[in-house]
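K.L.:
Input structure: final-v4.pdb, which contains PDB, C-alpha atoms.
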ATOM      1  CA  MET V   1      -6.269  23.346  59.928
ATOM      2  CA  THR V   2      -8.027  20.055  59.206
ATOM      3  CA  ILE V   3     -11.056  21.921  57.811
ATOM      4  CA  LEU V   4      -8.743  23.982  55.532
ATOM      5  CA  LYS V   5      -7.064  20.845  54.205
ATOM      6  CA  LEU V   6     -10.451  19.287  53.543
ATOM      7  CA  GLU V   7     -11.624  22.337  51.606
ATOM      8  CA  ILE V   8      -8.433  22.386  49.554
ATOM      9  CA  ARG V   9      -8.853  18.701  48.782
ATOM     10  CA  ARG V  10     -12.469  19.221  47.697
ATOM     11  CA  THR V  11     -11.459  22.127  45.493
ATOM     12  CA  LEU V  12      -8.737  20.052  43.840
ATOM     13  CA  VAL V  13     -11.113  17.150  43.280
ATOM     14  CA  ALA V  14     -13.707  19.459  41.724
ATOM     15  CA  PHE V  15     -11.063  21.087  39.517
ATOM     16  CA  MET V  16      -9.763  17.711  38.335
ATOM     17  CA  ALA V  17     -13.301  16.565  37.583
ATOM     18  CA  LEU V  18     -13.948  19.645  35.459
ATOM     19  CA  LEU V  19     -10.595  19.216  33.713
ATOM     20  CA  LEU V  20     -11.339  15.570  32.910
ATOM     21  CA  MET V  21     -14.754  16.514  31.566
ATOM     22  CA  ALA V  22     -13.224  19.169  29.338
ATOM     23  CA  VAL V  23     -10.556  16.784  28.034
ATOM     24  CA  ALA V  24     -13.174  14.113  27.430
ATOM     25  CA  ALA V  25     -15.367  16.517  25.497
ATOM     26  CA  VAL V  26     -12.535  17.845  23.336
ATOM     27  CA  GLY V  27     -11.012  14.448  22.742
ATOM     28  CA  LYS V  28     -14.218  12.560  21.921
ATOM     29  CA  GLU V  29     -13.862  10.822  18.593
ATOM     30  CA  TYR V  30     -16.772  10.533  16.167
ATOM     31  CA  ARG V  31     -17.054   7.837  13.542
ATOM     32  CA  VAL V  32     -19.013   8.724  10.412
ATOM     33  CA  GLU V  33     -21.938   6.592  11.504
ATOM     34  CA  ASP V  34     -21.975   8.273  14.947
ATOM     35  CA  VAL V  35     -22.501  11.821  13.627
ATOM     36  CA  PRO V  36     -26.126  12.811  14.326
ATOM     37  CA  ASN V  37     -28.073  13.816  11.216
ATOM     38  CA  VAL V  38     -30.111  16.637  12.723
ATOM     39  CA  GLN V  39     -32.363  16.973   9.665
ATOM     40  CA  LEU V  40     -33.891  13.587  10.414
ATOM     41  CA  MET V  41     -35.131  15.026  13.687
ATOM     42  CA  ASP V  42     -35.854  18.581  12.517
ATOM     43  CA  SER V  43     -35.900  19.491   8.803
ATOM     44  CA  ARG V  44     -35.131  23.127   9.670
ATOM     45  CA  GLN V  45     -31.717  22.251  11.104
ATOM     46  CA  ARG V  46     -28.592  22.382   8.954
ATOM     47  CA  VAL V  47     -25.899  22.286  11.659
ATOM     48  CA  SER V  48     -24.852  19.062  13.391
ATOM     49  CA  ASP V  49     -22.954  20.158  16.498
ATOM     50  CA  PRO V  50     -23.214  17.336  19.053
ATOM     51  CA  GLU V  51     -20.662  18.854  21.469
ATOM     52  CA  GLY V  52     -21.898  22.439  21.278
ATOM     53  CA  LEU V  53     -18.763  23.908  19.706
ATOM     54  CA  LEU V  54     -20.876  26.784  18.368
ATOM     55  CA  THR V  55     -23.107  29.064  20.379
ATOM     56  CA  VAL V  56     -26.862  28.872  19.900
ATOM     57  CA  GLN V  57     -26.814  32.276  18.192
ATOM     58  CA  ALA V  58     -24.209  31.147  15.640
ATOM     59  CA  ARG V  59     -26.103  27.935  14.891
ATOM     60  CA  ASP V  60     -29.356  29.834  14.397
ATOM     61  CA  THR V  61     -27.674  32.316  12.049
ATOM     62  CA  ILE V  62     -26.155  29.525   9.943
ATOM     63  CA  ASN V  63     -29.423  27.568   9.872
ATOM     64  CA  THR V  64     -31.281  30.647   8.622
ATOM     65  CA  MET V  65     -28.763  31.341   5.833
ATOM     66  CA  LEU V  66     -28.687  27.740   4.615
ATOM     67  CA  ALA V  67     -32.489  27.375   4.759
ATOM     68  CA  ARG V  68     -32.833  30.498   2.600
ATOM     69  CA  LEU V  69     -30.222  29.108   0.171
ATOM     70  CA  LYS V  70     -32.164  25.836  -0.163
ATOM     71  CA  GLN V  71     -35.416  27.707  -0.738
ATOM     72  CA  THR V  72     -34.027  30.023  -3.441
ATOM     73  CA  THR V  73     -31.601  27.730  -5.280
ATOM     74  CA  GLY V  74     -32.404  24.162  -4.270
ATOM     75  CA  ILE V  75     -28.786  23.701  -3.109
ATOM     76  CA  GLU V  76     -28.373  21.812   0.158
ATOM     77  CA  VAL V  77     -25.481  22.639   2.495
ATOM     78  CA  ALA V  78     -24.848  20.854   5.795
ATOM     79  CA  VAL V  79     -22.432  21.974   8.527
ATOM     80  CA  VAL V  80     -20.832  19.428  10.862
ATOM     81  CA  MET V  81     -18.854  20.513  13.934
ATOM     82  CA  LEU V  82     -16.821  17.740  15.591
ATOM     83  CA  PRO V  83     -14.208  17.689  18.351
ATOM     84  CA  SER V  84     -12.297  14.796  16.759
ATOM     85  CA  ILE V  85     -12.448  12.173  14.014
ATOM     86  CA  GLY V  86      -9.553  10.179  15.447
ATOM     87  CA  GLU V  87      -7.045   8.918  12.897
ATOM     88  CA  ALA V  88      -9.486   9.126   9.974
ATOM     89  CA  ASP V  89      -8.543  11.105   6.865
ATOM     90  CA  ILE V  90     -10.685  14.242   6.747
ATOM     91  CA  VAL V  91     -11.151  14.098   2.944
ATOM     92  CA  GLU V  92     -12.386  10.495   2.983
ATOM     93  CA  TYR V  93     -14.468  11.256   6.073
ATOM     94  CA  GLY V  94     -16.189  14.177   4.357
ATOM     95  CA  THR V  95     -16.847  12.242   1.154
ATOM     96  CA  THR V  96     -18.315   9.301   3.052
ATOM     97  CA  LEU V  97     -20.511  11.527   5.226
ATOM     98  CA  LEU V  98     -21.850  13.507   2.244
ATOM     99  CA  ARG V  99     -22.778  10.314   0.408
ATOM    100  CA  MET V 100     -24.223   8.567   3.464
ATOM    101  CA  TRP V 101     -26.494  11.515   4.276
ATOM    102  CA  GLY V 102     -27.401  12.061   0.611
ATOM    103  CA  ILE V 103     -26.785  15.818   0.797
ATOM    104  CA  GLY V 104     -28.210  17.382  -2.380
ATOM    105  CA  SER V 105     -30.829  15.885  -4.683
ATOM    106  CA  LYS V 106     -29.961  12.668  -6.519
ATOM    107  CA  LYS V 107     -30.890  14.278  -9.853
ATOM    108  CA  THR V 108     -28.699  17.389  -9.611
ATOM    109  CA  ASN V 109     -26.137  16.249  -6.990
ATOM    110  CA  SER V 110     -26.032  19.858  -5.783
ATOM    111  CA  GLY V 111     -24.977  19.300  -2.220
ATOM    112  CA  MET V 112     -22.132  20.563  -0.038
ATOM    113  CA  LEU V 113     -20.704  19.554   3.332
ATOM    114  CA  ILE V 114     -18.736  21.936   5.557
ATOM    115  CA  LEU V 115     -16.799  19.838   8.077
ATOM    116  CA  TYR V 116     -14.997  21.388  11.064
ATOM    117  CA  VAL V 117     -12.666  19.234  13.221
ATOM    118  CA  GLU V 118     -11.413  20.872  16.392
ATOM    119  CA  ASP V 119      -8.451  18.754  17.524
ATOM    120  CA  ILE V 120      -6.620  18.749  14.182
ATOM    121  CA  HIS V 121      -7.560  22.375  13.364
ATOM    122  CA  ARG V 122      -8.996  21.599   9.939
ATOM    123  CA  ILE V 123     -11.923  22.910   7.905
ATOM    124  CA  ARG V 124     -13.082  20.863   4.908
ATOM    125  CA  PHE V 125     -15.454  21.744   2.044
ATOM    126  CA  GLU V 126     -16.819  18.663   0.291
ATOM    127  CA  ASN V 127     -18.584  19.687  -2.923
ATOM    128  CA  GLY V 128     -21.032  17.624  -4.974
ATOM    129  CA  TYR V 129     -20.669  17.271  -8.738
ATOM    130  CA  GLY V 130     -23.589  19.583  -9.393
ATOM    131  CA  ILE V 131     -21.974  22.694  -7.880
ATOM    132  CA  GLU V 132     -18.340  22.160  -8.811
ATOM    133  CA  GLY V 133     -18.601  24.690 -11.656
ATOM    134  CA  THR V 134     -19.594  27.419  -9.171
ATOM    135  CA  MET V 135     -17.942  26.330  -5.941
ATOM    136  CA  THR V 136     -14.586  25.444  -7.465
ATOM    137  CA  ASP V 137     -11.665  24.096  -5.460
ATOM    138  CA  ALA V 138      -9.970  27.496  -5.800
ATOM    139  CA  MET V 139     -13.056  29.333  -4.556
ATOM    140  CA  SER V 140     -13.430  26.895  -1.648
ATOM    141  CA  LYS V 141      -9.829  27.529  -0.615
ATOM    142  CA  ARG V 142     -10.253  31.276  -0.988
ATOM    143  CA  ILE V 143     -13.279  31.373   1.311
ATOM    144  CA  GLN V 144     -11.519  29.274   3.930
ATOM    145  CA  MET V 145      -8.332  31.334   3.942
ATOM    146  CA  ARG V 146      -9.992  34.731   3.692
ATOM    147  CA  TYR V 147     -13.060  34.434   5.913
ATOM    148  CA  MET V 148     -12.548  31.463   8.233
ATOM    149  CA  VAL V 149      -8.941  30.588   9.071
ATOM    150  CA  PRO V 150      -7.936  34.093  10.303
ATOM    151  CA  ARG V 151     -10.846  34.061  12.773
ATOM    152  CA  PHE V 152     -10.142  30.485  13.868
ATOM    153  CA  LYS V 153      -6.550  31.489  14.635
ATOM    154  CA  GLU V 154      -7.910  34.133  16.991
ATOM    155  CA  GLY V 155     -10.150  31.589  18.723
ATOM    156  CA  ASP V 156     -13.305  33.027  17.138
ATOM    157  CA  ARG V 157     -15.014  29.780  16.132
ATOM    158  CA  ASP V 158     -18.450  31.407  15.786
ATOM    159  CA  GLY V 159     -17.196  34.308  13.691
ATOM    160  CA  GLY V 160     -15.207  32.056  11.344
ATOM    161  CA  MET V 161     -18.087  29.680  10.685
ATOM    162  CA  VAL V 162     -20.709  32.408  10.221
ATOM    163  CA  ALA V 163     -18.458  34.434   7.883
ATOM    164  CA  GLY V 164     -17.481  31.343   5.899
ATOM    165  CA  VAL V 165     -21.047  30.091   5.479
ATOM    166  CA  LYS V 166     -22.168  33.585   4.481
ATOM    167  CA  ALA V 167     -19.514  33.665   1.732
ATOM    168  CA  VAL V 168     -20.520  30.172   0.587
ATOM    169  CA  THR V 169     -24.176  31.183   0.236
ATOM    170  CA  LYS V 170     -23.216  34.303  -1.721
ATOM    171  CA  VAL V 171     -21.172  32.255  -4.172
ATOM    172  CA  LEU V 172     -23.857  29.605  -4.605
ATOM    173  CA  ASP V 173     -26.757  32.044  -5.059
ATOM    174  CA  GLY V 174     -24.720  34.314  -7.332
ATOM    175  CA  SER V 175     -24.951  37.408  -5.140
ATOM    176  CA  MET V 176     -21.233  37.750  -4.375
ATOM    177  CA  LYS V 177     -19.799  40.904  -5.918
ATOM    178  CA  PRO V 178     -16.673  40.577  -8.120
ATOM    179  CA  GLU V 179     -14.538  42.536  -5.664
ATOM    180  CA  GLU V 180     -15.570  40.164  -2.859
ATOM    181  CA  SER V 181     -14.427  37.104  -4.793
ATOM    182  CA  GLU V 182     -10.967  38.484  -5.495
ATOM    183  CA  GLU V 183      -8.283  37.341  -3.079
ATOM    184  CA  GLU V 184      -6.325  40.281  -1.690
ATOM    185  CA  GLU V 185      -2.594  39.882  -1.944
ATOM    186  CA  GLU V 186      -3.148  36.601  -3.771
ATOM    187  CA  PHE V 187      -0.322  37.463  -6.160
ATOM    188  CA  PRO V 188       1.515  40.535  -4.859
ATOM    189  CA  TRP V 189       3.454  42.803  -7.200
ATOM    190  CA  TYR V 190       6.838  41.802  -5.804
ATOM    191  CA  ALA V 191       6.122  38.147  -6.596
ATOM    192  CA  ALA V 192       5.469  39.127 -10.220
ATOM    193  CA  VAL V 193       8.749  41.073 -10.328
ATOM    194  CA  ILE V 194      10.656  38.096  -8.933
ATOM    195  CA  MET V 195       9.023  35.724 -11.399
ATOM    196  CA  VAL V 196       9.818  37.963 -14.389
ATOM    197  CA  SER V 197      13.393  38.407 -13.184
ATOM    198  CA  VAL V 198      13.866  34.652 -12.873
ATOM    199  CA  MET V 199      12.413  34.103 -16.350
ATOM    200  CA  VAL V 200      14.651  36.753 -17.908
ATOM    201  CA  GLY V 201      17.694  35.412 -16.073
ATOM    202  CA  THR V 202      16.932  31.867 -17.201
ATOM    203  CA  PHE V 203      16.478  33.032 -20.797
ATOM    204  CA  LEU V 204      19.797  34.907 -20.785
ATOM    205  CA  PHE V 205      21.554  31.929 -19.220
ATOM    206  CA  LEU V 206      20.214  29.602 -21.921
ATOM    207  CA  ILE V 207      21.423  31.983 -24.635
ATOM    208  CA  TRP V 208      24.866  32.079 -23.022
ATOM    209  CA  LEU V 209      24.925  28.289 -22.635
ATOM    210  CA  ILE V 210      23.960  27.689 -26.271
ATOM    211  CA  ASP V 211      26.607  30.161 -27.417
ATOM    212  CA  TYR V 212      29.191  28.576 -25.122
ATOM    213  CA  VAL V 213      28.509  25.063 -26.406
ATOM    214  CA  SER V 214      28.439  26.168 -30.040
ATOM    215  CA  ARG V 215      31.863  27.876 -29.718
ATOM    216  CA  ARG V 216      33.580  24.956 -27.987
ATOM    217  CA  CYS V 217      36.286  23.333 -30.136
ATOM    218  CA  PRO V 218      35.960  19.513 -30.260
ATOM    219  CA  HIS V 219      39.754  19.211 -30.635
ATOM    220  CA  CYS V 220      41.277  21.386 -27.927
ATOM    221  CA  LYS V 221      38.073  21.725 -25.827
ATOM    222  CA  LYS V 222      38.514  25.484 -25.630
ATOM    223  CA  THR V 223      35.680  27.918 -26.221
ATOM    224  CA  ALA V 224      37.494  29.576 -29.095
ATOM    225  CA  LEU V 225      35.563  28.810 -32.308
ATOM    226  CA  LYS V 226      35.037  31.727 -34.680
ATOM    227  CA  LYS V 227      32.375  31.447 -37.366
ATOM    228  CA  MET V 228      33.763  31.821 -40.871
ATOM    229  CA  SER V 229      30.866  31.037 -43.217
ATOM    230  CA  SER V 230      27.444  29.373 -43.650
ATOM    231  CA  ASN V 231      26.226  27.360 -46.653
ATOM    232  CA  VAL V 232      23.107  25.415 -47.534
ATOM    233  CA  ILE V 233      23.691  21.840 -48.678
ATOM    234  CA  LYS V 234      21.417  18.926 -49.646
ATOM    235  CA  ARG V 235      21.663  15.251 -48.832
ATOM    236  CA  GLY V 236      18.949  13.248 -50.562
ATOM    237  CA  ASN V 237      15.639  14.834 -49.547
ATOM    238  CA  ARG V 238      17.117  16.643 -46.541
ATOM    239  CA  THR V 239      18.376  20.235 -46.403
ATOM    240  CA  TYR V 240      21.137  21.343 -44.037
ATOM    241  CA  ARG V 241      22.809  24.606 -43.060
ATOM    242  CA  ARG V 242      26.557  24.026 -42.732
ATOM    243  CA  ASP V 243      28.409  26.447 -40.467
ATOM    244  CA  THR V 244      32.202  26.565 -40.735
ATOM    245  CA  PHE V 245      34.349  27.633 -37.781
ATOM    246  CA  ILE V 246      38.030  28.060 -37.092
ATOM    247  CA  CYS V 247      39.512  27.582 -33.646
ATOM    248  CA  ARG V 248      41.495  30.599 -32.509
ATOM    249  CA  ASN V 249      43.363  28.394 -30.058
ATOM    250  CA  CYS V 250      44.493  25.349 -32.069
ATOM    251  CA  GLY V 251      43.769  26.538 -35.629
ATOM    252  CA  LYS V 252      41.561  23.542 -36.537
ATOM    253  CA  VAL V 253      38.633  23.995 -38.950
ATOM    254  CA  VAL V 254      35.300  22.697 -37.627
ATOM    255  CA  THR V 255      31.988  22.252 -39.498
ATOM    256  CA  LYS V 256      28.538  21.815 -37.956
ATOM    257  CA  ASP V 257      25.433  20.801 -39.906
ATOM    258  CA  HIS V 258      21.894  21.820 -38.862
ATOM    259  CA  ASP V 259      18.818  20.153 -40.377
ATOM    260  CA  ILE V 260      16.587  22.898 -41.830
ATOM    261  CA  THR V 261      14.337  20.655 -43.907
ATOM    262  CA  PRO V 262      10.764  22.099 -44.031
ATOM    263  CA  ASN V 263       8.211  20.167 -41.920
ATOM    264  CA  ASN V 264      10.984  18.546 -39.965
ATOM    265  CA  ASN V 265       9.804  15.461 -38.072
ATOM    266  CA  ASN V 266      11.561  16.836 -35.007
ATOM    267  CA  ASP V 267       9.185  19.811 -35.026
ATOM    268  CA  LEU V 268       6.204  17.476 -35.259
ATOM    269  CA  THR V 269       7.507  15.327 -32.416
ATOM    270  CA  ASN V 270       8.191  18.344 -30.233
ATOM    271  CA  GLY V 271       4.711  19.670 -30.922
ATOM    272  CA  MET V 272       3.177  16.358 -29.906
ATOM    273  CA  ILE V 273       5.182  16.265 -26.668
ATOM    274  CA  ILE V 274       4.298  19.845 -25.763
ATOM    275  CA  GLY V 275       0.650  19.198 -26.548
ATOM    276  CA  SER V 276       0.520  16.175 -24.299
ATOM    277  CA  MET V 277       2.128  18.015 -21.417
ATOM    278  CA  LEU V 278      -0.344  20.905 -21.687
ATOM    279  CA  GLY V 279      -3.361  18.587 -21.773
ATOM    280  CA  GLY V 280      -5.536  18.333 -18.677
ATOM    281  CA  GLY V 281      -8.101  16.053 -17.093
ATOM    282  CA  SER V 282     -11.354  16.505 -15.233
ATOM    283  CA  SER V 283     -12.505  15.655 -11.738
ATOM    284  CA  GLY V 284     -15.824  15.918  -9.922
ATOM    285  CA  GLY V 285     -16.979  16.289  -6.358
ATOM    286  CA  GLY V 286     -14.053  18.492  -5.400
ATOM    287  CA  GLY V 287     -13.429  20.681  -2.407
ATOM    288  CA  SER V 288     -10.675  22.075  -0.250
ATOM    289  CA  THR V 289      -9.094  21.606   3.182
ATOM    290  CA  SER V 290      -7.351  24.292   5.225
ATOM    291  CA  GLY V 291      -5.667  24.297   8.620
ATOM    292  CA  TRP V 292      -4.676  26.882  11.228
TER     293      TRP V 292
END
Please go through the file and, once you have read it, give me the structure as C-alpha cells.
P.N.:
Amino acid sequence: MTILKLEIRRTLVAFMALLLMAVAAVGKEYRVEDVPNVQLMDSRQRVSDPEGLLTVQARDTINTMLARLKQTTGIEVAVVMLPSIGEADIVEYGTTLLRMWGIGSKKTNSGMLILYVEDIHRIRFENGYGIEGTMTDAMSKRIQMRYMVPRFKEGDRDGGMVAGVKAVTKVLDGSMKPEESEEEEEFPWYAAVIMVSVMVGTFLFLIWLIDYVSRRCPHCKKTALKKMSSNVIKRGNRTYRRDTFICRNCGKVVTKDHDITPNNNNDLTNGMIIGSMLGGGSSGGGGSTSGW
C-alpha cells in the first residue's frame, strides 16, 4: 500500500512538473529586444521561432519559399512566432521589430514582417513602404482570413502559416492568379439585395418627408396644402419660383419662394462640402491584424 502511494505521488509530481513547464513555455513573454534575429546567425533562416511553435518541416518549407522570394524579387520577409508579447500592442510591436531588424533594403524599403502571437490568438502583417502598392491592407487581411485564420481555428498552426506565407509570396512575386486573389463570399448576393432595398426605402422615405413638409400648413399645422399655381419673380439680381397653396383645412393661402438663380452660391457651397468629404489621404507602411 505504501509503495502504491509512493508511485501515485511520483506520478503526480511528474505530471505537475510537465504542466508547469508547458504553462511556462506558453506564457513566456518576449520583449522586442529579446526576439532572436536568426539571420544574424544563419543568413538562410527567415523564421524566428524560439519556442518551437512550428515543426521543423514547416519552418524549412517557409524558409525555402522566402529565400526564393528574396532571390527573385529582392523582397525580404521575416516570420516571427512568439508565445506571448505581454501587454504590448501588436501593431506597435511589429513596427518596432521591423525597423529594429531593418527588414528590407534601406533604398527600396521592401520588407515585410509576419508576426504570430499564440496567447492572444493574433496574426499581424507589417508591410514596408516599398511593397504597400502590392501587399495592400485589404490584400493582407484577405490572406489572413482566407488562408490562415480558418486553419488556426482548427489548431493547425503549421498549415495556417505555410498556406499564408505561400499566398504572400505569390502576391509579392506576381504569380497569384486573379481567381486566387478574389475573396469568396466577400460580398454575397443577399447583402447586395439588402443594401439596394435600404437605399430604395431611404429614397422613398425622403420623397415622402419632403412632400409631407411642403404640404404642411403653417397656420393650422395640418398637412392639407394644395398647390394652386407657380410663378417666377425677381428681386434685385435674384430669381425665385413662387408656389401658391391653399389649405384645405383652414382655407388660408400660403406662398413659398424657392431661389432658382443660376450659379447659386448654395450649389457652390454644397459642391465644396461634398468634395471635401470625398477627399482622401495617404498612409505608408501598412498591414493588417486578424484574430481567431
K.L.:
Please determine the residues with any atom at most 8 Å from (29.4, 31.0, -41.5) (coordinates as given in the file, with all atoms listed in the file counting) and report them as a list in words.
P.N.:
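Residues with an atom close enough to that point: Lys227, Met228, Ser229, Ser230, Asn231, Arg242, Asp243, Thr244 and Phe245 of chain V.
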K.L.:
Hey, what comes out of the PyMOL selection byres ((chain V and resi 97) around 12) on this file? Could you write it as a PyMOL selection string?
P.N.:
chain V and resi 30-37+48+78-80+85+90-96+98-103+111-115+124-128
K.L.:
Taking all atoms listed in the file into account, name the residue in V:Ile123, V:Lys226, V:Val213, V:Asp89 that is nearest to Arg157 (chain V).
P.N.:
V:Ile123
K.L.:
Can you tell me how far CA of Cys250 (chain V) sits from CA of Arg215 (chain V), in Å to one decimal?
P.N.:
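One can read the CA of Cys250 (chain V) to CA of Arg215 (chain V) distance as 13.1 Å.
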K.L.:
Counting all atoms listed in the file, figure out which residue out of V:Asp156, V:Met135, V:Met195, V:Asp49 gets nearest to Lys170 (chain V).
P.N.:
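Checking each candidate against Lys170 (chain V), we get V:Met135 as the closest.
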K.L.:
Can you give me, as a compact mmCIF listing (two decimals) with C-alpha atoms, in the frame of the given file, the residues this file yields under the PyMOL selection byres ((chain V and resi 161) around 12)?
P.N.:
# COMPACT_ATOMS: atom_id res chain seq x y z
CA VAL V 47 -25.90 22.29 11.66
CA LEU V 53 -18.76 23.91 19.71
CA LEU V 54 -20.88 26.78 18.37
CA THR V 55 -23.11 29.06 20.38
CA GLN V 57 -26.81 32.28 18.19
CA ALA V 58 -24.21 31.15 15.64
CA ARG V 59 -26.10 27.94 14.89
CA ASP V 60 -29.36 29.83 14.40
CA THR V 61 -27.67 32.32 12.05
CA ILE V 62 -26.16 29.52 9.94
CA ASN V 63 -29.42 27.57 9.87
CA MET V 65 -28.76 31.34 5.83
CA VAL V 79 -22.43 21.97 8.53
CA VAL V 80 -20.83 19.43 10.86
CA MET V 81 -18.85 20.51 13.93
CA ILE V 114 -18.74 21.94 5.56
CA LEU V 115 -16.80 19.84 8.08
CA TYR V 116 -15.00 21.39 11.06
CA ILE V 123 -11.92 22.91 7.90
CA ARG V 124 -13.08 20.86 4.91
CA ILE V 143 -13.28 31.37 1.31
CA GLN V 144 -11.52 29.27 3.93
CA MET V 145 -8.33 31.33 3.94
CA ARG V 146 -9.99 34.73 3.69
CA TYR V 147 -13.06 34.43 5.91
CA MET V 148 -12.55 31.46 8.23
CA VAL V 149 -8.94 30.59 9.07
CA PRO V 150 -7.94 34.09 10.30
CA ARG V 151 -10.85 34.06 12.77
CA PHE V 152 -10.14 30.48 13.87
CA GLY V 155 -10.15 31.59 18.72
CA ASP V 156 -13.30 33.03 17.14
CA ARG V 157 -15.01 29.78 16.13
CA ASP V 158 -18.45 31.41 15.79
CA GLY V 159 -17.20 34.31 13.69
CA GLY V 160 -15.21 32.06 11.34
CA VAL V 162 -20.71 32.41 10.22
CA ALA V 163 -18.46 34.43 7.88
CA GLY V 164 -17.48 31.34 5.90
CA VAL V 165 -21.05 30.09 5.48
CA LYS V 166 -22.17 33.58 4.48
CA ALA V 167 -19.51 33.66 1.73
CA VAL V 168 -20.52 30.17 0.59
K.L.:
Env of Thr73 (chain V): 10 Å cut, atoms = only C-alpha atoms, seq-sep filter 5 positions within chain, self excluded. Answer as a list in words.
P.N.:
Arg68, Ser110, Thr169, Leu172, Asp173 and Gly174 of chain V
K.L.:
How many Å separate CA of Lys28 (chain V) from CA of Gly291 (chain V)?
P.N.:
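Going from CA of Lys28 (chain V) over to CA of Gly291 (chain V) covers 19.7 Å.
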K.L.:
Determine, counting all atoms listed in the file, which protein, DNA and RNA residues have an atom within 8 Å of an atom of Asn249 (chain V); residues of the same chain fewer than 2 positions away are not included. Present the result as a PyMOL selection string.
P.N.:
chain V and resi 220+222+224+247+251
K.L.:
May I have the residues within 12 Å of Thr239 (chain V) as a list in words, using only C-alpha atoms and disregarding those fewer than 4 positions away in the same chain?
P.N.:
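So, after excluding close chain neighbours, the residues are Asn231, Val232, Ile233, Lys234, Arg235, Asp257, His258, Asp259, Ile260, Thr261, Pro262, Asn263 and Asn264 of chain V.
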K.L.:
Could you work out how far CA of Glu132 (chain V) lies from CA of Pro50 (chain V), giving the answer in Å with one decimal?
P.N.:
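CA of Glu132 (chain V) lies at a distance of 28.7 Å from CA of Pro50 (chain V).
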K.L.:
Could you check the closest approach to Thr223 (chain V) for each of V:Gly201, V:Arg248, V:Tyr240, V:Thr72 and tell me which residue wins, using all atoms listed in the file?
P.N.:
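Using all atoms listed in the file, Thr223 (chain V) sits closest to V:Arg248.
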K.L.:
Please expand the PyMOL selection byres ((chain V and resi 136) around 10) into the concrete residues it hits in this file, giving the result as a list in words.
P.N.:
Asn127, Ile131, Glu132, Gly133, Thr134, Met135, Asp137, Ala138, Met139, Ser140, Lys141, Arg142, Gly284, Gly285, Gly286, Gly287 and Ser288 of chain V
K.L.:
Select, from V:Ser214, V:Ser105, V:Val56, V:Glu51, the residue with the minimum atom-to-atom distance to Lys70 (chain V), counting only C-alpha atoms.
P.N.:
V:Ser105
K.L.:
Which is closer to Arg216 (chain V) than all the others in V:Thr255, V:Ser197, V:Thr202, V:Thr289, using only C-alpha atoms?
P.N.:
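Between V:Thr255, V:Ser197, V:Thr202, V:Thr289, the residue approaching Arg216 (chain V) most closely is V:Thr255.
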K.L.:
Compare V:Ile120, V:Cys217, V:Trp208, V:Glu29 by their minimum atom-to-atom distance to Val254 (chain V), counting only C-alpha atoms, and give me the closest one.
P.N.:
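Residue with the minimum atom-to-atom distance to Val254 (chain V): V:Cys217.
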